[in-house]
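work.pdb follows; it contains PDB, C-alpha atoms.
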ATOM      1  CA  MET R   1     165.213 125.763  95.146  1.00  0.00           C
ATOM      2  CA  ALA R   2     168.081 123.582  93.956  1.00  0.00           C
ATOM      3  CA  GLN R   3     169.443 121.065  96.416  1.00  0.00           C
ATOM      4  CA  LEU R   4     172.930 122.143  97.447  1.00  0.00           C
ATOM      5  CA  PRO R   5     175.503 119.554  98.497  1.00  0.00           C
ATOM      6  CA  ILE R   6     175.582 119.005 102.267  1.00  0.00           C
ATOM      7  CA  ALA R   7     178.833 118.539 104.151  1.00  0.00           C
ATOM      8  CA  LEU R   8     179.606 117.822 107.786  1.00  0.00           C
ATOM      9  CA  GLN R   9     182.115 119.849 109.789  1.00  0.00           C
ATOM     10  CA  LEU R  10     184.145 117.076 111.399  1.00  0.00           C
ATOM     11  CA  PHE R  11     184.734 119.079 114.579  1.00  0.00           C
ATOM     12  CA  THR R  12     181.290 117.772 115.563  1.00  0.00           C
ATOM     13  CA  LEU R  13     182.773 114.259 115.575  1.00  0.00           C
ATOM     14  CA  ARG R  14     186.131 115.195 117.081  1.00  0.00           C
ATOM     15  CA  ASN R  15     186.075 112.379 119.633  1.00  0.00           C
ATOM     16  CA  GLU R  16     185.013 109.813 117.048  1.00  0.00           C
ATOM     17  CA  THR R  17     187.742 110.843 114.604  1.00  0.00           C
ATOM     18  CA  LYS R  18     190.365 110.563 117.345  1.00  0.00           C
ATOM     19  CA  GLU R  19     189.343 106.953 117.887  1.00  0.00           C
ATOM     20  CA  ASP R  20     188.877 105.958 114.229  1.00  0.00           C
ATOM     21  CA  PHE R  21     189.422 108.675 111.636  1.00  0.00           C
ATOM     22  CA  LEU R  22     188.758 106.659 108.491  1.00  0.00           C
ATOM     23  CA  GLY R  23     185.933 104.652 110.033  1.00  0.00           C
ATOM     24  CA  THR R  24     184.209 107.890 111.026  1.00  0.00           C
ATOM     25  CA  LEU R  25     184.449 109.176 107.458  1.00  0.00           C
ATOM     26  CA  LYS R  26     182.734 105.984 106.298  1.00  0.00           C
ATOM     27  CA  LYS R  27     179.906 106.571 108.770  1.00  0.00           C
ATOM     28  CA  VAL R  28     179.501 110.173 107.589  1.00  0.00           C
ATOM     29  CA  LYS R  29     179.067 108.932 104.021  1.00  0.00           C
ATOM     30  CA  GLU R  30     176.609 106.249 105.141  1.00  0.00           C
ATOM     31  CA  LEU R  31     174.467 108.917 106.825  1.00  0.00           C
ATOM     32  CA  GLY R  32     174.019 110.634 103.476  1.00  0.00           C
ATOM     33  CA  TYR R  33     176.485 113.531 103.584  1.00  0.00           C
ATOM     34  CA  ASP R  34     177.995 114.546 100.261  1.00  0.00           C
ATOM     35  CA  GLY R  35     181.252 115.821 101.707  1.00  0.00           C
ATOM     36  CA  VAL R  36     183.150 116.989 104.737  1.00  0.00           C
ATOM     37  CA  GLU R  37     184.780 120.070 106.131  1.00  0.00           C
ATOM     38  CA  PHE R  38     187.957 119.032 107.871  1.00  0.00           C
ATOM     39  CA  ALA R  39     189.277 120.169 111.236  1.00  0.00           C
ATOM     40  CA  GLY R  40     192.528 118.218 111.036  1.00  0.00           C
ATOM     41  CA  PHE R  41     193.526 115.178 109.005  1.00  0.00           C
ATOM     42  CA  GLY R  42     194.209 112.428 111.510  1.00  0.00           C
ATOM     43  CA  GLY R  43     197.888 112.286 110.654  1.00  0.00           C
ATOM     44  CA  TYR R  44     197.279 110.903 107.148  1.00  0.00           C
ATOM     45  CA  GLU R  45     199.246 111.871 104.071  1.00  0.00           C
ATOM     46  CA  ALA R  46     197.216 113.866 101.568  1.00  0.00           C
ATOM     47  CA  SER R  47     197.562 111.217  98.848  1.00  0.00           C
ATOM     48  CA  GLU R  48     196.368 108.437 101.158  1.00  0.00           C
ATOM     49  CA  LEU R  49     193.402 110.417 102.420  1.00  0.00           C
ATOM     50  CA  LYS R  50     192.479 111.555  98.907  1.00  0.00           C
ATOM     51  CA  ALA R  51     192.358 107.975  97.658  1.00  0.00           C
ATOM     52  CA  PHE R  52     190.201 106.934 100.602  1.00  0.00           C
ATOM     53  CA  LEU R  53     187.749 109.775 100.013  1.00  0.00           C
ATOM     54  CA  GLU R  54     187.558 108.989  96.294  1.00  0.00           C
ATOM     55  CA  ASP R  55     186.709 105.360  97.080  1.00  0.00           C
ATOM     56  CA  LEU R  56     183.936 106.574  99.402  1.00  0.00           C
ATOM     57  CA  ASP R  57     182.750 109.250  96.970  1.00  0.00           C
ATOM     58  CA  LEU R  58     182.954 111.736  99.844  1.00  0.00           C
ATOM     59  CA  LYS R  59     184.119 115.192  98.785  1.00  0.00           C
ATOM     60  CA  PRO R  60     186.776 117.227 100.647  1.00  0.00           C
ATOM     61  CA  PHE R  61     184.861 120.467 100.188  1.00  0.00           C
ATOM     62  CA  SER R  62     186.624 122.590 102.790  1.00  0.00           C
ATOM     63  CA  SER R  63     188.959 122.656 105.764  1.00  0.00           C
ATOM     64  CA  HIS R  64     189.353 124.785 108.882  1.00  0.00           C
ATOM     65  CA  VAL R  65     192.928 125.952 109.351  1.00  0.00           C
ATOM     66  CA  GLY R  66     194.100 128.179 112.191  1.00  0.00           C
ATOM     67  CA  ILE R  67     195.771 131.335 110.971  1.00  0.00           C
ATOM     68  CA  GLU R  68     198.685 130.590 113.282  1.00  0.00           C
ATOM     69  CA  LEU R  69     199.357 127.432 111.253  1.00  0.00           C
ATOM     70  CA  LEU R  70     199.512 129.458 108.053  1.00  0.00           C
ATOM     71  CA  GLU R  71     201.821 131.962 109.694  1.00  0.00           C
ATOM     72  CA  ASP R  72     204.148 129.127 110.695  1.00  0.00           C
ATOM     73  CA  ASN R  73     204.140 127.104 107.489  1.00  0.00           C
ATOM     74  CA  ALA R  74     201.819 128.426 104.795  1.00  0.00           C
ATOM     75  CA  ASP R  75     203.448 126.843 101.756  1.00  0.00           C
ATOM     76  CA  GLU R  76     203.416 123.294 103.123  1.00  0.00           C
ATOM     77  CA  ILE R  77     199.857 123.568 104.460  1.00  0.00           C
ATOM     78  CA  ILE R  78     198.521 125.016 101.213  1.00  0.00           C
ATOM     79  CA  ALA R  79     200.303 122.289  99.230  1.00  0.00           C
ATOM     80  CA  TYR R  80     198.706 119.597 101.411  1.00  0.00           C
ATOM     81  CA  HIS R  81     195.228 121.005 100.833  1.00  0.00           C
ATOM     82  CA  LYS R  82     195.822 121.299  97.097  1.00  0.00           C
ATOM     83  CA  GLU R  83     196.976 117.679  96.857  1.00  0.00           C
ATOM     84  CA  LEU R  84     193.982 116.494  98.869  1.00  0.00           C
ATOM     85  CA  GLY R  85     191.627 118.338  96.524  1.00  0.00           C
ATOM     86  CA  VAL R  86     190.132 120.759  99.033  1.00  0.00           C
ATOM     87  CA  GLU R  87     188.155 123.573  97.416  1.00  0.00           C
ATOM     88  CA  THR R  88     188.139 126.096 100.255  1.00  0.00           C
ATOM     89  CA  MET R  89     190.450 126.785 103.178  1.00  0.00           C
ATOM     90  CA  VAL R  90     188.769 128.545 106.089  1.00  0.00           C
ATOM     91  CA  ILE R  91     190.180 130.569 108.977  1.00  0.00           C
ATOM     92  CA  PRO R  92     187.910 129.337 111.788  1.00  0.00           C
ATOM     93  CA  TYR R  93     188.718 131.315 114.921  1.00  0.00           C
ATOM     94  CA  LEU R  94     190.603 134.214 116.489  1.00  0.00           C
ATOM     95  CA  VAL R  95     192.205 133.845 119.893  1.00  0.00           C
ATOM     96  CA  PRO R  96     191.123 136.629 122.298  1.00  0.00           C
ATOM     97  CA  GLU R  97     194.413 138.515 122.199  1.00  0.00           C
ATOM     98  CA  ARG R  98     194.042 138.973 118.425  1.00  0.00           C
ATOM     99  CA  ARG R  99     190.638 140.702 118.634  1.00  0.00           C
ATOM    100  CA  THR R 100     190.902 143.489 121.181  1.00  0.00           C
ATOM    101  CA  SER R 101     190.594 146.508 118.873  1.00  0.00           C
ATOM    102  CA  LYS R 102     189.790 147.804 115.412  1.00  0.00           C
ATOM    103  CA  ASP R 103     193.512 147.799 114.664  1.00  0.00           C
ATOM    104  CA  ASP R 104     193.627 144.078 115.451  1.00  0.00           C
ATOM    105  CA  TYR R 105     190.995 143.423 112.809  1.00  0.00           C
ATOM    106  CA  ILE R 106     192.794 145.625 110.280  1.00  0.00           C
ATOM    107  CA  LYS R 107     196.039 143.715 110.904  1.00  0.00           C
ATOM    108  CA  LEU R 108     194.159 140.462 110.513  1.00  0.00           C
ATOM    109  CA  ALA R 109     192.747 141.661 107.195  1.00  0.00           C
ATOM    110  CA  GLU R 110     196.265 142.374 105.946  1.00  0.00           C
ATOM    111  CA  SER R 111     197.263 138.808 106.777  1.00  0.00           C
ATOM    112  CA  LEU R 112     194.135 137.394 105.173  1.00  0.00           C
ATOM    113  CA  ASN R 113     194.871 139.246 101.936  1.00  0.00           C
ATOM    114  CA  LEU R 114     198.382 137.811 101.950  1.00  0.00           C
ATOM    115  CA  TYR R 115     197.310 134.221 102.520  1.00  0.00           C
ATOM    116  CA  GLY R 116     194.239 134.603 100.326  1.00  0.00           C
ATOM    117  CA  LYS R 117     196.534 135.428  97.418  1.00  0.00           C
ATOM    118  CA  LYS R 118     198.645 132.345  98.068  1.00  0.00           C
ATOM    119  CA  VAL R 119     195.577 130.139  98.388  1.00  0.00           C
ATOM    120  CA  LYS R 120     194.075 131.533  95.171  1.00  0.00           C
ATOM    121  CA  GLU R 121     197.333 130.970  93.307  1.00  0.00           C
ATOM    122  CA  ALA R 122     197.079 127.328  94.382  1.00  0.00           C
ATOM    123  CA  GLY R 123     193.611 127.099  92.847  1.00  0.00           C
ATOM    124  CA  MET R 124     191.562 127.300  96.025  1.00  0.00           C
ATOM    125  CA  THR R 125     189.546 129.906  97.920  1.00  0.00           C
ATOM    126  CA  LEU R 126     190.190 131.369 101.381  1.00  0.00           C
ATOM    127  CA  CYS R 127     187.234 132.128 103.661  1.00  0.00           C
ATOM    128  CA  TYR R 128     186.840 133.586 107.123  1.00  0.00           C
ATOM    129  CA  HIS R 129     184.370 131.931 109.537  1.00  0.00           C
ATOM    130  CA  ASN R 130     182.681 133.930 112.288  1.00  0.00           C
ATOM    131  CA  HIS R 131     181.642 133.307 115.850  1.00  0.00           C
ATOM    132  CA  ASP R 132     179.672 135.825 117.907  1.00  0.00           C
ATOM    133  CA  PHE R 133     182.570 138.004 119.066  1.00  0.00           C
ATOM    134  CA  GLU R 134     183.133 139.512 115.599  1.00  0.00           C
ATOM    135  CA  TYR R 135     179.768 141.251 116.014  1.00  0.00           C
ATOM    136  CA  GLU R 136     181.233 143.567 118.625  1.00  0.00           C
ATOM    137  CA  LYS R 137     181.365 147.081 117.187  1.00  0.00           C
ATOM    138  CA  TYR R 138     184.424 149.306 116.781  1.00  0.00           C
ATOM    139  CA  ASP R 139     183.695 152.893 115.711  1.00  0.00           C
ATOM    140  CA  GLY R 140     180.174 151.736 114.881  1.00  0.00           C
ATOM    141  CA  GLU R 141     181.281 148.854 112.660  1.00  0.00           C
ATOM    142  CA  TYR R 142     181.209 145.122 113.384  1.00  0.00           C
ATOM    143  CA  GLY R 143     184.619 143.516 113.647  1.00  0.00           C
ATOM    144  CA  LEU R 144     183.478 141.099 110.962  1.00  0.00           C
ATOM    145  CA  ASP R 145     182.625 143.929 108.593  1.00  0.00           C
ATOM    146  CA  ILE R 146     186.026 145.489 109.235  1.00  0.00           C
ATOM    147  CA  ILE R 147     187.614 142.233 108.081  1.00  0.00           C
ATOM    148  CA  PHE R 148     185.586 142.105 104.887  1.00  0.00           C
ATOM    149  CA  SER R 149     185.849 145.816 104.104  1.00  0.00           C
ATOM    150  CA  GLN R 150     189.638 145.671 104.484  1.00  0.00           C
ATOM    151  CA  THR R 151     190.126 142.551 102.358  1.00  0.00           C
ATOM    152  CA  ASP R 152     189.935 141.942  98.618  1.00  0.00           C
ATOM    153  CA  ALA R 153     186.697 140.101  97.820  1.00  0.00           C
ATOM    154  CA  GLU R 154     188.583 138.076  95.217  1.00  0.00           C
ATOM    155  CA  LEU R 155     190.994 136.827  97.886  1.00  0.00           C
ATOM    156  CA  VAL R 156     188.936 136.546 101.081  1.00  0.00           C
ATOM    157  CA  GLN R 157     185.372 135.313 101.125  1.00  0.00           C
ATOM    158  CA  VAL R 158     182.689 134.575 103.718  1.00  0.00           C
ATOM    159  CA  GLU R 159     181.816 131.355 105.483  1.00  0.00           C
ATOM    160  CA  LEU R 160     178.791 132.520 107.448  1.00  0.00           C
ATOM    161  CA  ASP R 161     178.086 130.661 110.669  1.00  0.00           C
ATOM    162  CA  THR R 162     174.378 131.328 110.853  1.00  0.00           C
ATOM    163  CA  TYR R 163     174.005 130.132 114.450  1.00  0.00           C
ATOM    164  CA  TRP R 164     176.638 132.514 115.808  1.00  0.00           C
ATOM    165  CA  ALA R 165     175.174 135.449 113.884  1.00  0.00           C
ATOM    166  CA  GLU R 166     171.770 134.791 115.432  1.00  0.00           C
ATOM    167  CA  TYR R 167     173.345 134.198 118.840  1.00  0.00           C
ATOM    168  CA  ALA R 168     174.889 137.674 118.598  1.00  0.00           C
ATOM    169  CA  GLY R 169     171.476 139.148 117.801  1.00  0.00           C
ATOM    170  CA  VAL R 170     172.118 139.595 114.076  1.00  0.00           C
ATOM    171  CA  SER R 171     169.751 138.262 111.416  1.00  0.00           C
ATOM    172  CA  ALA R 172     171.564 135.545 109.481  1.00  0.00           C
ATOM    173  CA  VAL R 173     169.159 136.155 106.593  1.00  0.00           C
ATOM    174  CA  ASP R 174     169.996 139.851 106.404  1.00  0.00           C
ATOM    175  CA  TYR R 175     173.705 139.286 106.917  1.00  0.00           C
ATOM    176  CA  ALA R 176     173.847 136.724 104.118  1.00  0.00           C
ATOM    177  CA  ALA R 177     172.221 139.236 101.770  1.00  0.00           C
ATOM    178  CA  LYS R 178     174.855 141.805 102.712  1.00  0.00           C
ATOM    179  CA  TYR R 179     177.588 139.593 101.278  1.00  0.00           C
ATOM    180  CA  LYS R 180     175.785 138.298  98.218  1.00  0.00           C
ATOM    181  CA  GLY R 181     178.338 137.068  95.716  1.00  0.00           C
ATOM    182  CA  ARG R 182     181.017 136.666  98.378  1.00  0.00           C
ATOM    183  CA  LEU R 183     179.506 133.824 100.401  1.00  0.00           C
ATOM    184  CA  PRO R 184     180.345 130.354  99.022  1.00  0.00           C
ATOM    185  CA  LEU R 185     179.866 128.436 102.286  1.00  0.00           C
ATOM    186  CA  ALA R 186     177.400 128.532 105.175  1.00  0.00           C
ATOM    187  CA  HIS R 187     177.278 126.679 108.474  1.00  0.00           C
ATOM    188  CA  ILE R 188     173.741 125.448 109.101  1.00  0.00           C
ATOM    189  CA  LYS R 189     173.174 124.972 112.825  1.00  0.00           C
ATOM    190  CA  ASP R 190     170.232 125.267 115.166  1.00  0.00           C
ATOM    191  CA  MET R 191     169.645 126.826 118.562  1.00  0.00           C
ATOM    192  CA  ALA R 192     168.000 125.054 121.470  1.00  0.00           C
ATOM    193  CA  ASP R 193     164.990 126.607 123.166  1.00  0.00           C
ATOM    194  CA  THR R 194     166.840 126.860 126.476  1.00  0.00           C
ATOM    195  CA  SER R 195     168.031 129.728 128.636  1.00  0.00           C
ATOM    196  CA  ASP R 196     171.626 129.316 127.446  1.00  0.00           C
ATOM    197  CA  ARG R 197     170.578 128.993 123.770  1.00  0.00           C
ATOM    198  CA  THR R 198     172.929 126.075 123.306  1.00  0.00           C
ATOM    199  CA  PHE R 199     173.275 124.028 120.131  1.00  0.00           C
ATOM    200  CA  ALA R 200     170.533 121.789 118.769  1.00  0.00           C
ATOM    201  CA  GLU R 201     170.283 119.349 115.903  1.00  0.00           C
ATOM    202  CA  VAL R 202     169.208 121.071 112.691  1.00  0.00           C
ATOM    203  CA  GLY R 203     165.427 121.259 112.661  1.00  0.00           C
ATOM    204  CA  GLU R 204     165.111 120.597 116.383  1.00  0.00           C
ATOM    205  CA  GLY R 205     165.640 124.167 117.545  1.00  0.00           C
ATOM    206  CA  THR R 206     164.278 127.681 117.210  1.00  0.00           C
ATOM    207  CA  LEU R 207     165.955 129.008 114.056  1.00  0.00           C
ATOM    208  CA  ASP R 208     164.181 129.375 110.717  1.00  0.00           C
ATOM    209  CA  ILE R 209     166.369 126.865 108.913  1.00  0.00           C
ATOM    210  CA  LYS R 210     164.513 126.986 105.609  1.00  0.00           C
ATOM    211  CA  GLY R 211     164.564 130.781 105.540  1.00  0.00           C
ATOM    212  CA  ILE R 212     168.258 130.794 106.354  1.00  0.00           C
ATOM    213  CA  VAL R 213     169.075 128.239 103.658  1.00  0.00           C
ATOM    214  CA  VAL R 214     167.102 130.214 101.074  1.00  0.00           C
ATOM    215  CA  ALA R 215     169.003 133.351 102.063  1.00  0.00           C
ATOM    216  CA  VAL R 216     172.481 131.839 101.878  1.00  0.00           C
ATOM    217  CA  GLN R 217     171.643 130.180  98.569  1.00  0.00           C
ATOM    218  CA  GLU R 218     170.432 133.507  97.169  1.00  0.00           C
ATOM    219  CA  ALA R 219     173.719 135.003  98.403  1.00  0.00           C
ATOM    220  CA  GLY R 220     175.600 132.456  96.303  1.00  0.00           C
ATOM    221  CA  ALA R 221     176.381 129.620  98.711  1.00  0.00           C
ATOM    222  CA  LYS R 222     177.535 126.462  96.931  1.00  0.00           C
ATOM    223  CA  ARG R 223     177.801 124.193  99.985  1.00  0.00           C
ATOM    224  CA  LEU R 224     175.782 123.798 103.183  1.00  0.00           C
ATOM    225  CA  ILE R 225     177.788 122.624 106.160  1.00  0.00           C
ATOM    226  CA  VAL R 226     176.148 121.000 109.159  1.00  0.00           C
ATOM    227  CA  GLU R 227     177.882 121.515 112.491  1.00  0.00           C
ATOM    228  CA  GLN R 228     176.942 121.075 116.113  1.00  0.00           C
ATOM    229  CA  ASP R 229     179.640 122.385 118.424  1.00  0.00           C
ATOM    230  CA  VAL R 230     178.273 120.503 121.447  1.00  0.00           C
ATOM    231  CA  CYS R 231     175.854 117.570 121.300  1.00  0.00           C
ATOM    232  CA  GLN R 232     173.523 116.446 124.070  1.00  0.00           C
ATOM    233  CA  ARG R 233     173.044 113.116 122.283  1.00  0.00           C
ATOM    234  CA  PRO R 234     175.816 110.845 120.957  1.00  0.00           C
ATOM    235  CA  PRO R 235     177.324 112.997 118.184  1.00  0.00           C
ATOM    236  CA  LEU R 236     176.762 110.445 115.423  1.00  0.00           C
ATOM    237  CA  GLU R 237     173.100 110.338 116.380  1.00  0.00           C
ATOM    238  CA  SER R 238     172.947 114.131 116.340  1.00  0.00           C
ATOM    239  CA  VAL R 239     174.471 114.474 112.871  1.00  0.00           C
ATOM    240  CA  GLU R 240     172.100 111.785 111.561  1.00  0.00           C
ATOM    241  CA  ILE R 241     169.106 113.733 112.917  1.00  0.00           C
ATOM    242  CA  SER R 242     170.476 116.952 111.415  1.00  0.00           C
ATOM    243  CA  ILE R 243     170.878 115.680 107.863  1.00  0.00           C
ATOM    244  CA  ARG R 244     167.547 113.876 107.916  1.00  0.00           C
ATOM    245  CA  ASN R 245     165.736 116.994 109.124  1.00  0.00           C
ATOM    246  CA  LEU R 246     167.629 119.292 106.761  1.00  0.00           C
ATOM    247  CA  LYS R 247     166.719 117.185 103.744  1.00  0.00           C
ATOM    248  CA  GLU R 248     163.087 117.142 104.843  1.00  0.00           C
ATOM    249  CA  ILE R 249     163.075 120.922 105.347  1.00  0.00           C
ATOM    250  CA  LEU R 250     164.549 121.461 101.896  1.00  0.00           C
ATOM    251  CA  GLY R 251     162.112 119.054 100.289  1.00  0.00           C
TER     252      GLY R 251
END

Kindly return the structure encoded in the file as structure tokens.
Amino acid sequence: MAQLPIALQLFTLRNETKEDFLGTLKKVKELGYDGVEFAGFGGYEASELKAFLEDLDLKPFSSHVGIELLEDNADEIIAYHKELGVETMVIPYLVPERRTSKDDYIKLAESLNLYGKKVKEAGMTLCYHNHDFEYEKYDGEYGLDIIFSQTDAELVQVELDTYWAEYAGVSAVDYAAKYKGRLPLAHIKDMADTSDRTFAEVGEGTLDIKGIVVAVQEAGAKRLIVEQDVCQRPPLESVEISIRNLKEILG
């Protein structure tokens, strides 16, 4: 199994980046990550941040961007990402009022096709990232499947959050296979062996990380993205444990 590049979703280090955005990026590189997935840019101009990342040899693989931001100012946001050198823009979340019905998901799909076309024209890819709520069924179909059945696979692709699939009772391995060829990114996270099934460092929990990584790679994933939504340890310690364990698991 080829070793895929490993990125860190910077939401995990949201407090650290607020205090020292560039210094945190340096630490991420020092821990052995190949790239990052952004969740905001610390107020930096794209050209300035791009130069800093190039000096670090840390790749701007992807970025989470709320759909509301695209609705407000798509052209400027897409231009920023293009200048920075981001490969993939990702819609990360739906507020509750936008996911109450099948029609809501169909309307969302229409928007995703629109912005996916704009993103593709700029030389990037648009993905949608799941939580657990998209696995609620409407007329026997998961909300997430409604999104992907109603969107053009050339315009809207899959960033599978494997933790949230498993949390919803869905096999991440099986779900990855379902979207083979449409799944360039995967969030690799682990689940604690606790009653609330909270987040754990990769390799410290109950999920079959190696099996999941094999599955997403077979589905076509090009990047693995480590994330831990909530850390019980200092977050920098958690992300260090995660990448060390993940590299050991992958051999």

* **Spatial neighbours of segment 234-236 of chain R, 10 Å, all atoms listed in the file, chain gap at least 5 places, as a ChimeraX atom specification** => /R:12-16,24,27-28,31,201,228-229,241-242

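For the atom pair formed by atom CA of Val65 of chain R and atom CA of Ile91 of chain R, the distance is 5.4 Å, given to one decimal.
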
* Structure fact -> Closest of R:His131, R:Lys26, R:Lys210, R:His187 to Val170 of chain R, counting all atoms listed in the file, is R:His131

* Asked: If you measure from atom CA of Ser101 of chain R to atom CA of Gly140 of chain R, what distance in Å do you get, rounded to one decimal?
  -> 12.3 Å

* Enter the distance from atom CA of Gly66 of chain R to atom CA of Ser47 of chain R, in Å, rounded to one decimal. =>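 Spanning atom CA of Gly66 of chain R to atom CA of Ser47 of chain R is a straight-line distance of 21.9 Å.
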
* **Residue members of the PyMOL selection byres ((chain R and resi 119) around 10) in the file shown, as number ranges by chain** => R: 74-75, 77-79, 81-82, 87-89, 113-118, 120-126, 155-156

* Asked: In terms of the shortest atom-to-atom distance over all atoms listed in the file, which of R:Tyr179, R:Lys222, R:Arg233, R:Ser171 is closest to Asp145 of chain R?
  ->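 Counting all atoms listed in the file, the residue closest to Asp145 of chain R is R:Tyr179.
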
* Asked: What do you get, as an MDAnalysis selection string, if you spell out every residue that the PyMOL selection byres ((chain R and resi 58) around 12) selects here?
  -> chainID R and resid 5:8 22 24:38 49:57 59:62 85:86

* **Nearest residue to Ile209 of chain R from the set R:Leu84, R:Ala168, R:Leu246, R:Leu224 (distances using all atoms listed in the file)** =>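 Smallest distance to Ile209 of chain R is found for R:Leu246.
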
Explicit residues for the PyMOL selection byres ((chain R and resi 221) around 7) (as a PDB file with C-alpha atoms, keeping the file's coordinate frame):
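Generated output (expr.pdb):
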ATOM      1  CA  LEU R 183     179.506 133.824 100.401  1.00  0.00           C
ATOM      2  CA  PRO R 184     180.345 130.354  99.022  1.00  0.00           C
ATOM      3  CA  LEU R 185     179.866 128.436 102.286  1.00  0.00           C
ATOM      4  CA  ALA R 186     177.400 128.532 105.175  1.00  0.00           C
ATOM      5  CA  VAL R 216     172.481 131.839 101.878  1.00  0.00           C
ATOM      6  CA  GLN R 217     171.643 130.180  98.569  1.00  0.00           C
ATOM      7  CA  ALA R 219     173.719 135.003  98.403  1.00  0.00           C
ATOM      8  CA  GLY R 220     175.600 132.456  96.303  1.00  0.00           C
ATOM      9  CA  LYS R 222     177.535 126.462  96.931  1.00  0.00           C
ATOM     10  CA  ARG R 223     177.801 124.193  99.985  1.00  0.00           C
TER      11      ARG R 223
END

* Using all atoms listed in the file, which residue out of R:Phe21, R:Asp104, R:Glu68, R:Val202 lies closest to Leu250 of chain R? ->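 Smallest separation from Leu250 of chain R among the options: R:Val202.
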
* Do you know which residues are at most 9 Å from Ile106 of chain R counting only C-alpha atoms, after dropping those on the same chain fewer than 3 positions away, and could you put them as a list in words? ->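 The filter keeps Ser101, Lys102, Asp103, Ala109, Glu110, Ser111, Ile146, Ile147, Gln150 and Thr151 of chain R.
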